[in-house]
file protein-v4.pdb (PDB, C-alpha atoms)
ATOM      1  CA  MET A  11       0.000   0.000   0.000  1.00  0.00           C
ATOM      2  CA  GLU A  12       2.838   2.405   0.767  1.00  0.00           C
ATOM      3  CA  ALA A  13       4.364   1.780  -2.668  1.00  0.00           C
ATOM      4  CA  ALA A  14       1.010   2.202  -4.416  1.00  0.00           C
ATOM      5  CA  THR A  15       0.169   5.383  -2.517  1.00  0.00           C
ATOM      6  CA  ALA A  16       3.580   6.894  -3.273  1.00  0.00           C
ATOM      7  CA  LEU A  17       3.163   6.157  -6.986  1.00  0.00           C
ATOM      8  CA  LEU A  18      -0.343   7.601  -6.966  1.00  0.00           C
ATOM      9  CA  ARG A  19       0.799  10.766  -5.213  1.00  0.00           C
ATOM     10  CA  THR A  20       3.714  11.419  -7.579  1.00  0.00           C
ATOM     11  CA  GLY A  21       2.483  10.017 -10.886  1.00  0.00           C
ATOM     12  CA  GLY A  22      -1.297   9.841 -10.786  1.00  0.00           C
ATOM     13  CA  PRO A  23      -3.498   6.782 -11.440  1.00  0.00           C
ATOM     14  CA  SER A  24      -1.642   5.688 -14.568  1.00  0.00           C
ATOM     15  CA  ALA A  25       1.558   5.240 -12.524  1.00  0.00           C
ATOM     16  CA  VAL A  26      -0.005   2.625 -10.243  1.00  0.00           C
ATOM     17  CA  THR A  27       0.583  -0.498 -12.317  1.00  0.00           C
ATOM     18  CA  VAL A  28       1.064  -3.952 -10.880  1.00  0.00           C
ATOM     19  CA  ASP A  29       4.646  -4.089 -12.171  1.00  0.00           C
ATOM     20  CA  ALA A  30       5.538  -0.692 -10.681  1.00  0.00           C
ATOM     21  CA  VAL A  31       4.047  -1.546  -7.304  1.00  0.00           C
ATOM     22  CA  THR A  32       5.714  -4.965  -7.065  1.00  0.00           C
ATOM     23  CA  ARG A  33       9.065  -3.391  -7.945  1.00  0.00           C
ATOM     24  CA  GLY A  34       8.628  -0.582  -5.432  1.00  0.00           C
ATOM     25  CA  ALA A  35       7.487  -2.918  -2.666  1.00  0.00           C
ATOM     26  CA  ASN A  36       9.959  -5.652  -3.607  1.00  0.00           C
ATOM     27  CA  VAL A  37       7.290  -8.349  -3.587  1.00  0.00           C
ATOM     28  CA  ALA A  38       6.222 -10.966  -6.109  1.00  0.00           C
ATOM     29  CA  ARG A  39       3.141 -10.471  -8.257  1.00  0.00           C
ATOM     30  CA  ALA A  40       1.577 -13.531  -6.627  1.00  0.00           C
ATOM     31  CA  THR A  41       1.939 -11.862  -3.229  1.00  0.00           C
ATOM     32  CA  LEU A  42       0.170  -8.733  -4.448  1.00  0.00           C
ATOM     33  CA  TYR A  43      -2.648 -10.724  -6.045  1.00  0.00           C
ATOM     34  CA  ARG A  44      -3.294 -12.516  -2.759  1.00  0.00           C
ATOM     35  CA  HIS A  45      -4.425  -9.167  -1.372  1.00  0.00           C
ATOM     36  CA  PHE A  46      -5.730  -7.352  -4.469  1.00  0.00           C
ATOM     37  CA  PRO A  47      -7.466  -9.244  -7.324  1.00  0.00           C
ATOM     38  CA  SER A  48      -6.450  -6.588  -9.868  1.00  0.00           C
ATOM     39  CA  GLY A  49      -4.502  -3.393 -10.344  1.00  0.00           C
ATOM     40  CA  ASN A  50      -7.775  -1.442 -10.171  1.00  0.00           C
ATOM     41  CA  ASP A  51      -8.558  -2.863  -6.739  1.00  0.00           C
ATOM     42  CA  LEU A  52      -5.089  -1.868  -5.588  1.00  0.00           C
ATOM     43  CA  LEU A  53      -5.510   1.633  -6.971  1.00  0.00           C
ATOM     44  CA  ALA A  54      -8.924   2.048  -5.348  1.00  0.00           C
ATOM     45  CA  ALA A  55      -7.417   1.046  -2.009  1.00  0.00           C
ATOM     46  CA  ALA A  56      -4.541   3.510  -2.490  1.00  0.00           C
ATOM     47  CA  PHE A  57      -7.011   6.333  -3.117  1.00  0.00           C
ATOM     48  CA  HIS A  58      -8.500   5.728   0.318  1.00  0.00           C
ATOM     49  CA  GLY A  59      -5.224   6.812   1.852  1.00  0.00           C
ATOM     50  CA  LEU A  60      -5.114  10.069  -0.108  1.00  0.00           C
ATOM     51  CA  ILE A  61      -8.652  11.297   0.469  1.00  0.00           C
ATOM     52  CA  PRO A  62      -8.670  13.787   3.357  1.00  0.00           C
ATOM     53  CA  PRO A  63     -11.420  13.731   5.975  1.00  0.00           C
ATOM     54  CA  ALA A  64     -14.504  15.778   5.218  1.00  0.00           C
ATOM     55  CA  PRO A  65     -14.572  19.296   6.720  1.00  0.00           C
ATOM     56  CA  MET A  66     -17.363  19.212   9.270  1.00  0.00           C
ATOM     57  CA  PRO A  67     -19.260  22.438  10.028  1.00  0.00           C
ATOM     58  CA  SER A  68     -19.178  24.139  13.380  1.00  0.00           C
ATOM     59  CA  GLU A  69     -22.351  24.191  15.414  1.00  0.00           C
ATOM     60  CA  ASP A  70     -22.297  27.980  15.657  1.00  0.00           C
ATOM     61  CA  GLY A  71     -23.336  30.621  13.148  1.00  0.00           C
ATOM     62  CA  THR A  72     -26.054  30.988  10.555  1.00  0.00           C
ATOM     63  CA  VAL A  73     -26.782  28.442   7.852  1.00  0.00           C
ATOM     64  CA  ARG A  74     -25.119  30.801   5.389  1.00  0.00           C
ATOM     65  CA  ASP A  75     -21.960  31.152   7.471  1.00  0.00           C
ATOM     66  CA  ARG A  76     -21.695  27.407   8.006  1.00  0.00           C
ATOM     67  CA  LEU A  77     -22.201  26.611   4.331  1.00  0.00           C
ATOM     68  CA  ILE A  78     -19.549  29.123   3.280  1.00  0.00           C
ATOM     69  CA  ALA A  79     -17.092  27.768   5.861  1.00  0.00           C
ATOM     70  CA  VAL A  80     -17.566  24.182   4.669  1.00  0.00           C
ATOM     71  CA  LEU A  81     -17.182  25.133   1.008  1.00  0.00           C
ATOM     72  CA  LEU A  82     -14.028  27.146   1.653  1.00  0.00           C
ATOM     73  CA  ALA A  83     -12.602  24.225   3.631  1.00  0.00           C
ATOM     74  CA  PHE A  84     -13.365  21.884   0.732  1.00  0.00           C
ATOM     75  CA  GLY A  85     -11.637  24.330  -1.594  1.00  0.00           C
ATOM     76  CA  GLN A  86      -8.529  24.413   0.575  1.00  0.00           C
ATOM     77  CA  SER A  87      -8.485  20.613   0.712  1.00  0.00           C
ATOM     78  CA  ILE A  88      -8.732  20.366  -3.082  1.00  0.00           C
ATOM     79  CA  ALA A  89      -5.896  22.854  -3.523  1.00  0.00           C
ATOM     80  CA  GLU A  90      -3.547  21.187  -1.065  1.00  0.00           C
ATOM     81  CA  ALA A  91      -4.309  17.511  -1.737  1.00  0.00           C
ATOM     82  CA  PRO A  92      -6.619  16.976  -4.733  1.00  0.00           C
ATOM     83  CA  GLY A  93      -6.999  13.269  -4.028  1.00  0.00           C
ATOM     84  CA  MET A  94     -10.795  13.326  -4.008  1.00  0.00           C
ATOM     85  CA  VAL A  95     -11.088  15.107  -7.358  1.00  0.00           C
ATOM     86  CA  THR A  96      -8.494  12.772  -8.888  1.00  0.00           C
ATOM     87  CA  ALA A  97     -10.380   9.754  -7.542  1.00  0.00           C
ATOM     88  CA  MET A  98     -13.648  11.093  -8.962  1.00  0.00           C
ATOM     89  CA  SER A  99     -12.030  11.614 -12.367  1.00  0.00           C
ATOM     90  CA  TRP A 100     -10.670   8.080 -12.311  1.00  0.00           C
ATOM     91  CA  LEU A 101     -13.999   6.582 -11.281  1.00  0.00           C
ATOM     92  CA  ALA A 102     -15.732   8.577 -14.023  1.00  0.00           C
ATOM     93  CA  LEU A 103     -13.879   6.462 -16.584  1.00  0.00           C
ATOM     94  CA  GLY A 104     -16.410   3.745 -15.812  1.00  0.00           C
ATOM     95  CA  ARG A 105     -15.699   0.513 -17.631  1.00  0.00           C
ATOM     96  CA  ASP A 106     -12.545   2.023 -19.118  1.00  0.00           C
ATOM     97  CA  LEU A 107     -11.080   1.322 -15.695  1.00  0.00           C
ATOM     98  CA  GLU A 108     -10.245  -2.098 -17.079  1.00  0.00           C
ATOM     99  CA  GLN A 109      -7.613  -0.499 -19.283  1.00  0.00           C
ATOM    100  CA  LEU A 110      -6.016   1.750 -16.652  1.00  0.00           C
ATOM    101  CA  PRO A 111      -3.934   0.477 -14.969  1.00  0.00           C
ATOM    102  CA  GLU A 112      -2.920  -3.105 -15.777  1.00  0.00           C
ATOM    103  CA  SER A 113      -5.263  -5.805 -14.528  1.00  0.00           C
ATOM    104  CA  ARG A 114      -4.598  -9.487 -14.181  1.00  0.00           C
ATOM    105  CA  GLN A 115      -8.153 -10.324 -15.153  1.00  0.00           C
ATOM    106  CA  THR A 116     -11.148  -8.536 -16.569  1.00  0.00           C
ATOM    107  CA  ARG A 117     -12.687  -6.332 -13.914  1.00  0.00           C
ATOM    108  CA  THR A 118     -15.458  -3.772 -13.941  1.00  0.00           C
ATOM    109  CA  ALA A 119     -16.280  -0.705 -11.887  1.00  0.00           C
ATOM    110  CA  ASP A 120     -18.491  -2.946  -9.738  1.00  0.00           C
ATOM    111  CA  SER A 121     -15.625  -4.588  -7.811  1.00  0.00           C
ATOM    112  CA  PRO A 122     -15.978  -4.265  -4.012  1.00  0.00           C
ATOM    113  CA  ALA A 123     -12.935  -1.981  -3.679  1.00  0.00           C
ATOM    114  CA  ILE A 124     -14.227   0.432  -6.320  1.00  0.00           C
ATOM    115  CA  THR A 125     -17.779   0.369  -4.963  1.00  0.00           C
ATOM    116  CA  THR A 126     -16.437   1.175  -1.506  1.00  0.00           C
ATOM    117  CA  LEU A 127     -14.394   4.053  -2.902  1.00  0.00           C
ATOM    118  CA  ARG A 128     -17.483   5.489  -4.620  1.00  0.00           C
ATOM    119  CA  GLU A 129     -19.434   5.262  -1.382  1.00  0.00           C
ATOM    120  CA  ARG A 130     -16.591   6.874   0.579  1.00  0.00           C
ATOM    121  CA  ILE A 131     -16.447   9.867  -1.778  1.00  0.00           C
ATOM    122  CA  ALA A 132     -20.235  10.286  -1.774  1.00  0.00           C
ATOM    123  CA  GLU A 133     -20.251  10.196   2.027  1.00  0.00           C
ATOM    124  CA  GLN A 134     -17.357  12.665   2.211  1.00  0.00           C
ATOM    125  CA  TYR A 135     -19.308  15.182   0.152  1.00  0.00           C
ATOM    126  CA  ALA A 136     -22.675  14.594   1.797  1.00  0.00           C
ATOM    127  CA  ALA A 137     -21.781  14.465   5.493  1.00  0.00           C
ATOM    128  CA  PRO A 138     -21.049  18.198   6.088  1.00  0.00           C
ATOM    129  CA  PHE A 139     -24.137  19.295   4.168  1.00  0.00           C
ATOM    130  CA  ASP A 140     -26.348  16.753   5.927  1.00  0.00           C
ATOM    131  CA  ALA A 141     -25.148  18.130   9.265  1.00  0.00           C
ATOM    132  CA  ILE A 142     -26.167  21.653   8.217  1.00  0.00           C
ATOM    133  CA  PHE A 143     -29.440  20.801   6.462  1.00  0.00           C
ATOM    134  CA  ASP A 144     -30.562  18.563   9.338  1.00  0.00           C
ATOM    135  CA  SER A 145     -29.997  21.333  11.894  1.00  0.00           C
ATOM    136  CA  PRO A 146     -32.986  23.241  13.340  1.00  0.00           C
ATOM    137  CA  GLU A 147     -31.709  26.464  11.768  1.00  0.00           C
ATOM    138  CA  ALA A 148     -32.228  24.994   8.288  1.00  0.00           C
ATOM    139  CA  ALA A 149     -35.931  24.248   8.835  1.00  0.00           C
ATOM    140  CA  GLU A 150     -36.873  27.497   7.072  1.00  0.00           C
ATOM    141  CA  LEU A 151     -35.403  26.109   3.834  1.00  0.00           C
ATOM    142  CA  GLY A 152     -38.021  23.384   3.596  1.00  0.00           C
ATOM    143  CA  GLU A 153     -37.444  20.170   1.671  1.00  0.00           C
ATOM    144  CA  ILE A 154     -33.995  20.131   0.082  1.00  0.00           C
ATOM    145  CA  ASP A 155     -32.868  17.989  -2.825  1.00  0.00           C
ATOM    146  CA  ARG A 156     -29.503  17.095  -1.276  1.00  0.00           C
ATOM    147  CA  SER A 157     -27.806  15.896  -4.462  1.00  0.00           C
ATOM    148  CA  ARG A 158     -28.863  19.020  -6.357  1.00  0.00           C
ATOM    149  CA  ALA A 159     -27.814  21.265  -3.492  1.00  0.00           C
ATOM    150  CA  ILE A 160     -24.347  19.718  -3.274  1.00  0.00           C
ATOM    151  CA  ALA A 161     -23.885  20.023  -7.031  1.00  0.00           C
ATOM    152  CA  LEU A 162     -24.894  23.699  -7.027  1.00  0.00           C
ATOM    153  CA  LEU A 163     -22.767  24.577  -4.021  1.00  0.00           C
ATOM    154  CA  MET A 164     -19.664  22.526  -4.792  1.00  0.00           C
ATOM    155  CA  GLY A 165     -19.502  23.439  -8.487  1.00  0.00           C
ATOM    156  CA  PRO A 166     -17.910  26.878  -8.026  1.00  0.00           C
ATOM    157  CA  VAL A 167     -15.451  25.501  -5.459  1.00  0.00           C
ATOM    158  CA  VAL A 168     -14.153  22.764  -7.739  1.00  0.00           C
ATOM    159  CA  LEU A 169     -14.008  25.093 -10.738  1.00  0.00           C
ATOM    160  CA  GLY A 170     -12.319  27.812  -8.751  1.00  0.00           C
ATOM    161  CA  ARG A 171      -9.622  25.609  -7.307  1.00  0.00           C
ATOM    162  CA  LEU A 172      -8.880  23.751 -10.550  1.00  0.00           C
ATOM    163  CA  SER A 173      -9.366  26.645 -12.949  1.00  0.00           C
ATOM    164  CA  THR A 174      -6.471  28.444 -14.598  1.00  0.00           C
ATOM    165  CA  LEU A 175      -8.636  31.488 -15.310  1.00  0.00           C
ATOM    166  CA  PRO A 176      -6.845  34.691 -14.245  1.00  0.00           C
ATOM    167  CA  ASN A 177      -8.307  36.755 -11.413  1.00  0.00           C
ATOM    168  CA  PHE A 178     -10.827  34.050 -10.500  1.00  0.00           C
ATOM    169  CA  ASP A 179     -11.873  34.737  -6.906  1.00  0.00           C
ATOM    170  CA  TYR A 180     -13.290  31.411  -5.793  1.00  0.00           C
ATOM    171  CA  ARG A 181     -14.097  32.801  -2.344  1.00  0.00           C
ATOM    172  CA  GLU A 182     -16.364  35.462  -3.792  1.00  0.00           C
ATOM    173  CA  CYS A 183     -17.864  32.917  -6.162  1.00  0.00           C
ATOM    174  CA  THR A 184     -18.484  30.594  -3.224  1.00  0.00           C
ATOM    175  CA  ARG A 185     -20.354  33.306  -1.315  1.00  0.00           C
ATOM    176  CA  ALA A 186     -22.424  34.093  -4.402  1.00  0.00           C
ATOM    177  CA  ALA A 187     -23.267  30.407  -4.876  1.00  0.00           C
ATOM    178  CA  VAL A 188     -24.423  30.097  -1.266  1.00  0.00           C
ATOM    179  CA  ASP A 189     -26.498  33.289  -1.451  1.00  0.00           C
ATOM    180  CA  GLY A 190     -28.098  32.177  -4.721  1.00  0.00           C
ATOM    181  CA  PHE A 191     -28.908  28.730  -3.373  1.00  0.00           C
ATOM    182  CA  LEU A 192     -30.433  30.106  -0.159  1.00  0.00           C
ATOM    183  CA  HIS A 193     -32.478  32.699  -2.054  1.00  0.00           C
ATOM    184  CA  VAL A 194     -34.003  30.126  -4.400  1.00  0.00           C
ATOM    185  CA  GLN A 195     -34.560  27.582  -1.629  1.00  0.00           C
ATOM    186  CA  ARG A 196     -36.324  30.108   0.592  1.00  0.00           C
ATOM    187  CA  ALA A 197     -38.435  31.396  -2.302  1.00  0.00           C
ATOM    188  CA  GLN A 198     -39.574  27.862  -3.103  1.00  0.00           C
ATOM    189  CA  ASN A 199     -40.575  27.348   0.507  1.00  0.00           C
ATOM    190  CA  GLN A 200     -42.685  30.519   0.738  1.00  0.00           C
ATOM    191  CA  PRO A 201     -46.476  30.044   0.718  1.00  0.00           C
ATOM    192  CA  LEU A 202     -48.269  31.303  -2.356  1.00  0.00           C
ATOM    193  CA  ASN A 203     -50.175  34.536  -1.741  1.00  0.00           C
ATOM    194  CA  GLU A 204     -51.518  35.142  -5.205  1.00  0.00           C
ATOM    195  CA  PRO A 205     -54.829  37.038  -5.516  1.00  0.00           C
ATOM    196  CA  GLY A 206     -57.758  34.688  -5.741  1.00  0.00           C
ATOM    197  CA  SER A 207     -55.839  31.651  -4.546  1.00  0.00           C
ATOM    198  CA  GLU A 208     -57.697  29.386  -2.158  1.00  0.00           C
ATOM    199  CA  SER A 209     -56.309  28.375   1.197  1.00  0.00           C
ATOM    200  CA  ALA A 210     -55.249  24.792   1.775  1.00  0.00           C
ATOM    201  CA  GLY A 211     -58.284  24.202   3.997  1.00  0.00           C
ATOM    202  CA  ASP A 212     -60.883  25.327   1.445  1.00  0.00           C
TER     203      ASP A 212
END
call {"tool": "encode", "arguments": {"input": "protein-v4.pdb", "output": "structure tokens"}}
result
Amino acid sequence: MEAATALLRTGGPSAVTVDAVTRGANVARATLYRHFPSGNDLLAAAFHGLIPPAPMPSEDGTVRDRLIAVLLAFGQSIAEAPGMVTAMSWLALGRDLEQLPESRQTRTADSPAITTLRERIAEQYAAPFDAIFDSPEAAELGEIDRSRAIALLMGPVVLGRLSTLPNFDYRECTRAAVDGFLHVQRAQNQPLNEPGSESAGD
């Protein structure tokens, strides 16, 4: 695992081949295959070691403040150790995973190691937002589509930290994304007061 993680950190997913790992760890291929059925399973396990813990929100402050703090923490994590984004890009290859890196046998993205990695990443993204949206302070927002909310809120952070656009202020963009999300969510949760509309009890 140490050899695989070192290769992943320095060379990316394509560097983590069975041959490279066995050379770096000074073990036989048969030894590696006793623990990992394929190179993809080994790579998925190595990613686990590079994904930082999710930034959990504080219990103080408004929903807006807590959302902004979590998003900025995610942005810092992506900038310093982009393991999660790299893992997501690798997983997005889908069945092309069989070609990258070398596998001893035909494998698909449904192997236990890869499924576990997908679940870990999904949980990493969801946990901070669940903590905020499940808090009493978020009751005013009404029913929230969690997947949609995470996509809308995380989009500017990922773009901002990975973008090469000059003068891109991802912090300002993050605040704008949070304000836009909260505005729309609150508007959707407001009761209709249109002229002539009947009350729910009529």
call {"tool": "resolve_selection", "arguments": {"input": "protein-v4.pdb", "expression": "the PyMOL selection byres ((chain A and resi 137-153) around 12)", "output": "PyMOL selection string"}}
result
chain A and resi 63-81+83-84+129-136+154-161+163-164+191-201
call {"tool": "atom_distance", "arguments": {"input": "protein-v4.pdb", "atom1": "atom CA of Val168 of chain A", "atom2": "atom CA of Val26 of chain A"}}
result
24.7 Å
call {"tool": "closest_residue", "arguments": {"input": "protein-v4.pdb", "among": "A:Ile61, A:Leu82, A:Thr41, A:Trp100", "to": "Pro23 of chain A", "atoms": "all atoms listed in the file"}}
result
A:Trp100
call {"tool": "closest_residue", "arguments": {"input": "protein-v4.pdb", "among": "A:Ala56, A:Ala97, A:Ile124, A:Cys183", "to": "Leu169 of chain A", "atoms": "all atoms listed in the file"}}
result
A:Cys183
call {"tool": "residues_around", "arguments": {"input": "protein-v4.pdb", "residues": "segment 27-31 of chain A", "least_positions_apart": "2", "cutoff": "10 Å", "atoms": "all atoms listed in the file", "output": "ChimeraX atom specification"}}
result
/A:11-18,23-25,33-39,42-43,46,48-50,52-53,110-114
call {"tool": "residues_around", "arguments": {"input": "protein-v4.pdb", "residues": "Glu90 of chain A", "least_positions_apart": "2", "cutoff": "12 Å", "atoms": "only C-alpha atoms", "output": "number ranges by chain"}}
result
A: 60-62, 83-88, 92-95, 171-172
call {"tool": "atom_distance", "arguments": {"input": "protein-v4.pdb", "atom1": "atom CA of Ala89 of chain A", "atom2": "atom CA of Tyr180 of chain A"}}
result
11.5 Å
call {"tool": "closest_residue", "arguments": {"input": "protein-v4.pdb", "among": "A:Met98, A:Val167, A:Leu103, A:Ala91", "to": "Glu182 of chain A", "atoms": "all atoms listed in the file"}}
result
A:Val167
call {"tool": "atom_distance", "arguments": {"input": "protein-v4.pdb", "atom1": "atom CA of Thr32 of chain A", "atom2": "atom CA of Ser121 of chain A"}}
result
21.4 Å
call {"tool": "closest_residue", "arguments": {"input": "protein-v4.pdb", "among": "A:Ala102, A:His45, A:Thr126, A:Gly190", "to": "Phe57 of chain A", "atoms": "all atoms listed in the file"}}
result
A:Thr126
call {"tool": "closest_residue", "arguments": {"input": "protein-v4.pdb", "among": "A:His58, A:Gly170, A:Ala186, A:Phe178", "to": "Thr96 of chain A", "atoms": "all atoms listed in the file"}}
result
A:His58
call {"tool": "closest_residue", "arguments": {"input": "protein-v4.pdb", "among": "A:Gly165, A:Leu101, A:Asp179, A:Val188", "to": "Asp51 of chain A", "atoms": "all atoms listed in the file"}}
result
A:Leu101
